[in-house]
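Shown here: query_16.txt, compact mmCIF, C-alpha atoms.
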# COMPACT_ATOMS: atom_id res chain seq x y z
CA MET A 1 -89.52 104.54 -38.72
CA LYS A 2 -88.04 103.05 -35.58
CA LYS A 3 -87.33 99.81 -37.40
CA LEU A 4 -85.53 101.67 -40.19
CA PHE A 5 -83.43 103.57 -37.64
CA VAL A 6 -82.46 100.34 -35.86
CA THR A 7 -81.60 98.66 -39.16
CA LEU A 8 -79.45 101.56 -40.36
CA THR A 9 -77.70 101.87 -37.00
CA SER A 10 -77.00 98.14 -37.00
CA ILE A 11 -75.55 98.23 -40.51
CA ILE A 12 -73.32 101.20 -39.63
CA ALA A 13 -72.22 99.57 -36.36
CA ILE A 14 -71.44 96.26 -38.08
CA SER A 15 -69.48 98.08 -40.80
CA PHE A 16 -67.31 99.96 -38.32
CA LEU A 17 -66.87 97.18 -35.78
CA SER A 18 -65.87 94.61 -38.38
CA GLY A 19 -63.13 96.82 -39.82
CA CYS A 20 -60.00 95.31 -38.36
CA VAL A 21 -56.46 94.79 -39.50
CA SER A 22 -54.55 91.56 -39.80
CA LEU A 23 -50.79 91.71 -40.15
CA ASP A 24 -49.78 89.19 -42.80
CA SER A 25 -46.02 89.58 -42.82
CA VAL A 26 -43.23 91.77 -41.46
CA SER A 27 -39.57 91.86 -42.38
CA LEU A 28 -36.60 94.02 -41.44
CA THR A 29 -33.15 94.28 -42.99
CA GLN A 30 -29.87 95.30 -41.37
CA LEU A 31 -29.99 98.71 -39.67
CA PRO A 32 -27.41 101.37 -40.62
CA GLU A 33 -25.39 103.39 -38.12
CA ASP A 34 -26.63 106.66 -39.62
CA ARG A 35 -30.38 106.76 -39.12
CA ASP A 36 -31.20 110.40 -39.81
CA HIS A 37 -33.19 110.25 -43.00
CA LEU A 38 -36.20 107.94 -42.76
CA VAL A 39 -38.28 107.54 -45.90
CA THR A 40 -41.63 105.76 -46.10
CA ALA A 41 -43.74 104.52 -48.97
CA SER A 42 -46.96 102.58 -49.15
CA ALA A 43 -49.31 101.15 -51.72
CA SER A 44 -52.68 99.50 -51.44
CA ASP A 45 -55.61 98.10 -53.34
CA ILE A 46 -59.22 97.51 -52.38
CA LEU A 47 -61.00 94.28 -53.22
CA PHE A 48 -64.60 93.14 -53.08
CA LEU A 49 -64.76 89.63 -51.55
CA GLY A 50 -61.04 89.32 -52.20
CA PHE A 51 -61.43 89.00 -55.96
CA THR A 52 -58.37 90.17 -57.87
CA THR A 53 -56.10 88.83 -60.56
CA GLN A 54 -52.85 90.63 -59.75
CA ASN A 55 -50.59 91.87 -56.96
CA ASP A 56 -49.08 94.77 -58.90
CA PHE A 57 -49.64 97.27 -56.11
CA VAL A 58 -46.53 95.84 -54.41
CA ASP A 59 -44.32 97.24 -57.18
CA GLU A 60 -45.78 100.72 -56.62
CA ALA A 61 -44.51 100.70 -53.04
CA VAL A 62 -41.01 99.68 -54.12
CA GLU A 63 -40.84 102.27 -56.90
CA SER A 64 -42.10 104.95 -54.55
CA LEU A 65 -39.46 104.02 -51.97
CA LYS A 66 -36.71 104.09 -54.60
CA SER A 67 -37.83 107.49 -55.88
CA LYS A 68 -37.38 108.95 -52.40
CA CYS A 69 -33.69 108.02 -52.26
CA ARG A 70 -32.29 108.64 -55.75
CA GLY A 71 -28.58 107.87 -55.96
CA GLY A 72 -28.47 106.73 -52.36
CA LYS A 73 -28.51 103.56 -50.34
CA LEU A 74 -31.65 102.43 -48.53
CA THR A 75 -31.03 100.16 -45.58
CA GLY A 76 -32.91 99.08 -42.47
CA ILE A 77 -35.99 98.48 -44.58
CA LEU A 78 -39.07 97.53 -42.62
CA THR A 79 -41.74 95.95 -44.78
CA LYS A 80 -45.26 95.38 -43.51
CA HIS A 81 -48.00 93.62 -45.40
CA GLN A 82 -51.42 94.03 -43.84
CA THR A 83 -55.05 93.50 -44.73
CA THR A 84 -57.91 95.57 -43.39
CA SER A 85 -61.29 93.84 -43.47
CA TYR A 86 -64.57 95.66 -43.82
CA VAL A 87 -67.94 94.11 -44.63
CA LEU A 88 -67.21 92.04 -47.77
CA VAL A 89 -64.46 94.50 -48.72
CA PHE A 90 -60.75 94.06 -48.09
CA LYS A 91 -57.94 96.57 -48.27
CA ARG A 92 -54.50 95.09 -48.89
CA GLU A 93 -51.58 97.32 -48.07
CA VAL A 94 -47.79 97.20 -48.22
CA ILE A 95 -45.95 99.76 -46.11
CA ALA A 96 -42.18 100.04 -46.45
CA SER A 97 -39.81 102.37 -44.66
CA GLY A 98 -36.04 102.61 -44.65
CA TYR A 99 -33.08 104.85 -43.94
CA CYS A 100 -31.71 106.70 -46.92
CA ASN A 101 -28.00 107.37 -46.87
CA THR A 102 -26.50 109.39 -49.69
CA GLU A 103 -23.24 110.28 -47.90
CA GLU A 104 -21.84 106.73 -48.03
CA ALA A 105 -22.35 106.79 -51.77
CA MET B 106 -56.93 84.66 -45.36
CA ARG B 107 -60.31 86.17 -44.51
CA ALA B 108 -60.88 86.96 -48.16
CA ASN B 109 -60.16 83.33 -49.04
CA LYS B 110 -62.66 82.11 -46.45
CA ALA B 111 -65.30 84.52 -47.72
CA ARG B 112 -64.75 83.29 -51.28
CA LEU B 113 -64.88 79.65 -50.17
CA LEU B 114 -68.19 80.32 -48.43
CA LEU B 115 -69.49 81.91 -51.63
CA PHE B 116 -68.42 78.91 -53.73
CA LYS B 117 -70.08 76.50 -51.32
CA SER B 118 -73.35 78.44 -51.25
CA ILE B 119 -73.35 78.57 -55.07
CA ALA B 120 -72.74 74.81 -55.18
CA VAL B 121 -75.60 74.20 -52.74
CA LYS B 122 -77.93 76.42 -54.78
CA PHE B 123 -77.05 74.45 -57.90
CA SER B 124 -77.71 71.18 -56.15
CA GLU B 125 -81.17 72.46 -55.22
CA ILE B 126 -82.13 73.13 -58.82
CA GLN B 127 -84.61 70.42 -59.66
CA ILE B 128 -83.33 68.02 -62.16
CA ARG B 129 -84.51 69.40 -65.44
CA GLU B 130 -80.90 70.28 -66.15
CA SER B 131 -78.51 67.39 -66.37
CA LEU B 132 -75.64 66.79 -63.96
CA MET B 133 -73.21 67.57 -66.79
CA LEU B 134 -74.67 71.04 -67.18
CA ARG B 135 -74.37 71.75 -63.46
CA VAL B 136 -70.77 70.54 -63.42
CA LEU B 137 -70.01 72.67 -66.47
CA VAL B 138 -71.53 75.79 -64.90
CA MET B 139 -69.69 75.20 -61.62
CA SER B 140 -66.41 74.67 -63.48
CA LEU B 141 -66.91 77.91 -65.38
CA ILE B 142 -67.60 79.76 -62.12
CA LEU B 143 -64.46 78.34 -60.51
CA VAL B 144 -62.21 79.00 -63.50
CA GLY B 145 -63.69 82.46 -64.05
CA SER B 146 -63.08 83.40 -60.46
CA GLY B 147 -59.29 83.04 -60.65
CA CYS B 148 -58.01 85.08 -57.76
CA ALA B 149 -54.56 86.36 -56.94
CA ARG B 150 -53.39 85.96 -53.36
CA LEU B 151 -50.50 87.73 -51.66
CA ASP B 152 -49.03 85.79 -48.73
CA HIS B 153 -45.73 87.42 -48.02
CA ILE B 154 -43.50 90.22 -49.23
CA GLN B 155 -40.01 91.17 -48.14
CA ILE B 156 -37.93 94.03 -49.53
CA SER B 157 -34.15 93.97 -49.10
CA ASP B 158 -31.69 96.89 -49.02
CA ILE B 159 -31.76 99.07 -52.12
CA ASP B 160 -28.46 100.42 -53.40
CA GLN B 161 -28.86 103.05 -56.11
CA SER B 162 -25.39 104.53 -55.59
CA GLN B 163 -23.25 102.13 -57.62
CA GLY B 164 -24.55 102.72 -61.12
CA SER B 165 -27.59 102.18 -63.26
CA LEU B 166 -29.98 99.37 -62.47
CA LYS B 167 -31.70 96.81 -64.66
CA ALA B 168 -34.84 95.08 -63.42
CA ILE B 169 -34.65 91.29 -63.28
CA SER B 170 -37.24 88.77 -62.18
CA VAL B 171 -37.62 85.05 -61.55
CA LYS B 172 -40.97 83.39 -61.08
CA ILE B 173 -41.42 79.74 -60.12
CA SER B 174 -44.74 78.06 -59.56
CA ASN B 175 -46.21 74.70 -58.75
CA THR B 176 -49.76 73.37 -58.73
CA GLY B 177 -51.50 73.34 -55.38
CA PHE B 178 -54.53 71.18 -54.73
CA ASN B 179 -57.09 71.30 -51.93
CA ALA B 180 -58.57 67.79 -51.85
CA ALA B 181 -61.06 68.52 -49.04
CA GLU B 182 -62.52 71.50 -50.87
CA THR B 183 -62.82 69.49 -54.09
CA VAL B 184 -64.70 66.70 -52.35
CA ALA B 185 -66.94 69.22 -50.55
CA ILE B 186 -67.92 70.80 -53.87
CA ALA B 187 -68.52 67.36 -55.38
CA GLY B 188 -70.72 66.55 -52.38
CA ALA B 189 -72.74 69.71 -52.87
CA LEU B 190 -73.26 68.82 -56.53
CA ALA B 191 -74.23 65.18 -55.85
CA GLN B 192 -77.82 64.17 -56.53
CA SER B 193 -78.51 61.47 -53.96
CA ASP B 194 -78.57 62.14 -50.23
CA SER B 195 -76.38 59.13 -49.42
CA THR B 196 -73.68 60.32 -51.84
CA LYS B 197 -73.87 63.81 -50.37
CA GLU B 198 -73.39 62.37 -46.88
CA SER B 199 -70.50 60.11 -47.88
CA LEU B 200 -68.67 62.88 -49.71
CA GLY B 201 -69.29 65.23 -46.77
CA ASP B 202 -67.68 62.71 -44.42
CA LEU B 203 -64.75 62.26 -46.80
CA ALA B 204 -64.30 66.04 -47.04
CA THR B 205 -64.20 66.27 -43.24
CA LEU B 206 -61.66 63.44 -43.06
CA LEU B 207 -59.43 65.06 -45.70
CA ALA B 208 -59.67 68.42 -43.92
CA LEU B 209 -58.61 66.78 -40.65
CA VAL B 210 -55.70 64.96 -42.30
CA ASN B 211 -54.42 68.22 -43.83
CA MET B 212 -55.14 70.34 -40.77
CA GLY B 213 -52.45 72.76 -39.63
CA PRO B 214 -50.85 76.04 -40.59
CA THR B 215 -50.29 76.34 -44.32
CA THR B 216 -49.51 79.00 -46.87
CA GLY B 217 -51.76 78.36 -49.82
CA ASN B 218 -52.73 74.90 -51.00
CA PRO B 219 -50.47 71.87 -50.53
CA VAL B 220 -48.17 71.02 -53.46
CA TYR B 221 -46.68 67.66 -54.38
CA ASN B 222 -43.09 68.85 -54.91
CA ASP B 223 -41.29 70.51 -52.03
CA HIS B 224 -38.15 71.31 -54.09
CA TYR B 225 -39.79 73.48 -56.72
CA ALA B 226 -38.31 76.76 -55.45
CA GLU B 227 -34.74 75.57 -54.99
CA ASN B 228 -33.08 76.79 -58.22
CA ILE B 229 -34.30 80.33 -57.87
CA LEU B 230 -30.91 81.79 -56.89
CA MET B 231 -29.15 80.29 -59.90
CA GLN B 232 -31.83 81.62 -62.24
CA LEU B 233 -31.49 85.07 -60.71
CA HIS B 234 -27.71 85.08 -61.24
CA GLN B 235 -28.15 84.02 -64.86
CA GLN B 236 -29.99 87.27 -65.50
CA CYS B 237 -27.30 89.47 -63.97
CA ALA B 238 -23.87 89.23 -65.60
CA SER B 239 -22.21 91.60 -63.10
CA GLY B 240 -23.37 89.44 -60.20
CA LYS B 241 -24.24 92.55 -58.20
CA ILE B 242 -27.90 92.30 -57.25
CA THR B 243 -29.79 94.78 -55.11
CA ALA B 244 -33.40 95.67 -54.18
CA ILE B 245 -34.42 92.03 -53.89
CA ARG B 246 -38.16 91.60 -53.39
CA ASN B 247 -39.27 88.17 -52.22
CA VAL B 248 -42.92 87.63 -53.01
CA ARG B 249 -44.90 84.54 -52.06
CA GLU B 250 -48.20 84.64 -53.89
CA GLY B 251 -50.73 82.38 -55.53
CA LEU B 252 -53.43 82.23 -58.14
CA SER B 253 -56.47 80.26 -56.99
CA TYR B 254 -59.10 78.61 -59.16
CA GLY B 255 -61.33 77.17 -56.49
CA PRO B 256 -59.61 74.07 -55.10
CA VAL B 257 -56.70 74.26 -57.56
CA SER B 258 -54.07 76.96 -57.35
CA GLY B 259 -50.74 78.05 -58.73
CA GLU B 260 -48.38 78.43 -55.77
CA VAL B 261 -45.88 81.05 -56.86
CA VAL B 262 -42.52 82.18 -55.55
CA ARG B 263 -41.39 85.36 -57.28
CA ILE B 264 -38.10 87.19 -56.84
CA ASP B 265 -37.88 90.65 -58.37
CA ALA B 266 -34.58 92.48 -58.11
CA ASP B 267 -32.31 95.05 -59.74
CA CYS B 268 -29.01 94.17 -61.35
CA ILE B 269 -26.28 96.80 -60.91
CA LEU B 270 -24.73 97.25 -64.38

Translate the structure described by the file into structure tokens.
Amino acid sequence: MKKLFVTLTSIIAISFLSGCVSLDSVSLTQLPEDRDHLVTASASDILFLGFTTQNDFVDEAVESLKSKCRGGKLTGILTKHQTTSYVLVFKREVIASGYCNTEEA
Amino acid sequence: MRANKARLLLFKSIAVKFSEIQIRESLMLRVLVMSLILVGSGCARLDHIQISDIDQSQGSLKAISVKISNTGFNAAETVAIAGALAQSDSTKESLGDLATLLALVNMGPTTGNPVYNDHYAENILMQLHQQCASGKITAIRNVREGLSYGPVSGEVVRIDADCIL
């Protein structure tokens, strides 16, 4: 019983302690003067051992960002690409935020 | 990067397991099985993404895209797999040494596998303009990605954008 408890605790501890984020890339575009309306969008996918055949989740983030500023101009876009590692499982994520300006339009 | 290392470890352990199978099966069969594993495990990799300003105020948009790729090759990994598949101990040792040497020669920060043409992504701007008659391009997404088949990979530069009509 004690052995089972130790094993389970170890597995849980390893799972939580090994979950850490690596920042793969960051980019920022020119910042606007009017920075009142910040919009954010993100998209992610979860992989076992990193096996995947596509990176389509990136397009979801862009479409989501565009949908939050219809007819406007998005500037000052901060794009982050990060990977969170768990035990044998990886979460890839793209987070984009920018300032929506519809008045200039 | 971590995912790539985990996969590489998996490939190596599979190769070692195959080398341990006692030689009822021929070398050709082992090579064939390993090749199928490597080809079947084609994996997409995302190295970098950048999104530029998005202007939806000047009219309707049409999606455009340019994708350029080149073949990347990891010589050290190839030799390491060959070493794991080798039958004699002396061959295993020699190939192991060669793999170490190749890894040392190619050591340093890289994005994906090395390619043999460093100009392959140069005409991307011209190709993008060819798809947009108005010349007004917005929402440019620069994506550096790759498709890996074990030691061989397609090193891809993709530009997605919207053309303002």

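Atom CA of B:Ile159 lies 15.5 Å from atom CA of A:Asp34.
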
Using all atoms listed in the file, which residues of chain B come within 6 Å of chain A, and what is the closest atom pair for each, with the distance in Å to one decimal? Give it as CSV, sorted by chain and residue number.
residue,atom,partner,partner_atom,distance
B:Ala108,CA,A:Gly50,CA,4.7
B:Cys148,CA,A:Thr53,CA,5.1
B:Ala149,CA,A:Thr53,CA,4.6
B:His153,CA,A:Ser25,CA,5.6
B:Gln155,CA,A:Ser27,CA,5.8
B:Asp158,CA,A:Thr75,CA,4.8
B:Ile159,CA,A:Leu74,CA,4.9
B:Asp160,CA,A:Lys73,CA,4.4
B:Gln161,CA,A:Gly71,CA,4.8
B:Ser162,CA,A:Gly71,CA,4.6

_Gap from atom CA of B:Gly259 to atom CA of B:Lys197 - Å, one decimal_ = 28.4 Å

*Calculate how many Å separate atom CA of B:Ile229 from atom CA of B:Val171, rounding to one decimal.*
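We find that atom CA of B:Ile229 and atom CA of B:Val171 lie 6.8 Å from each other.
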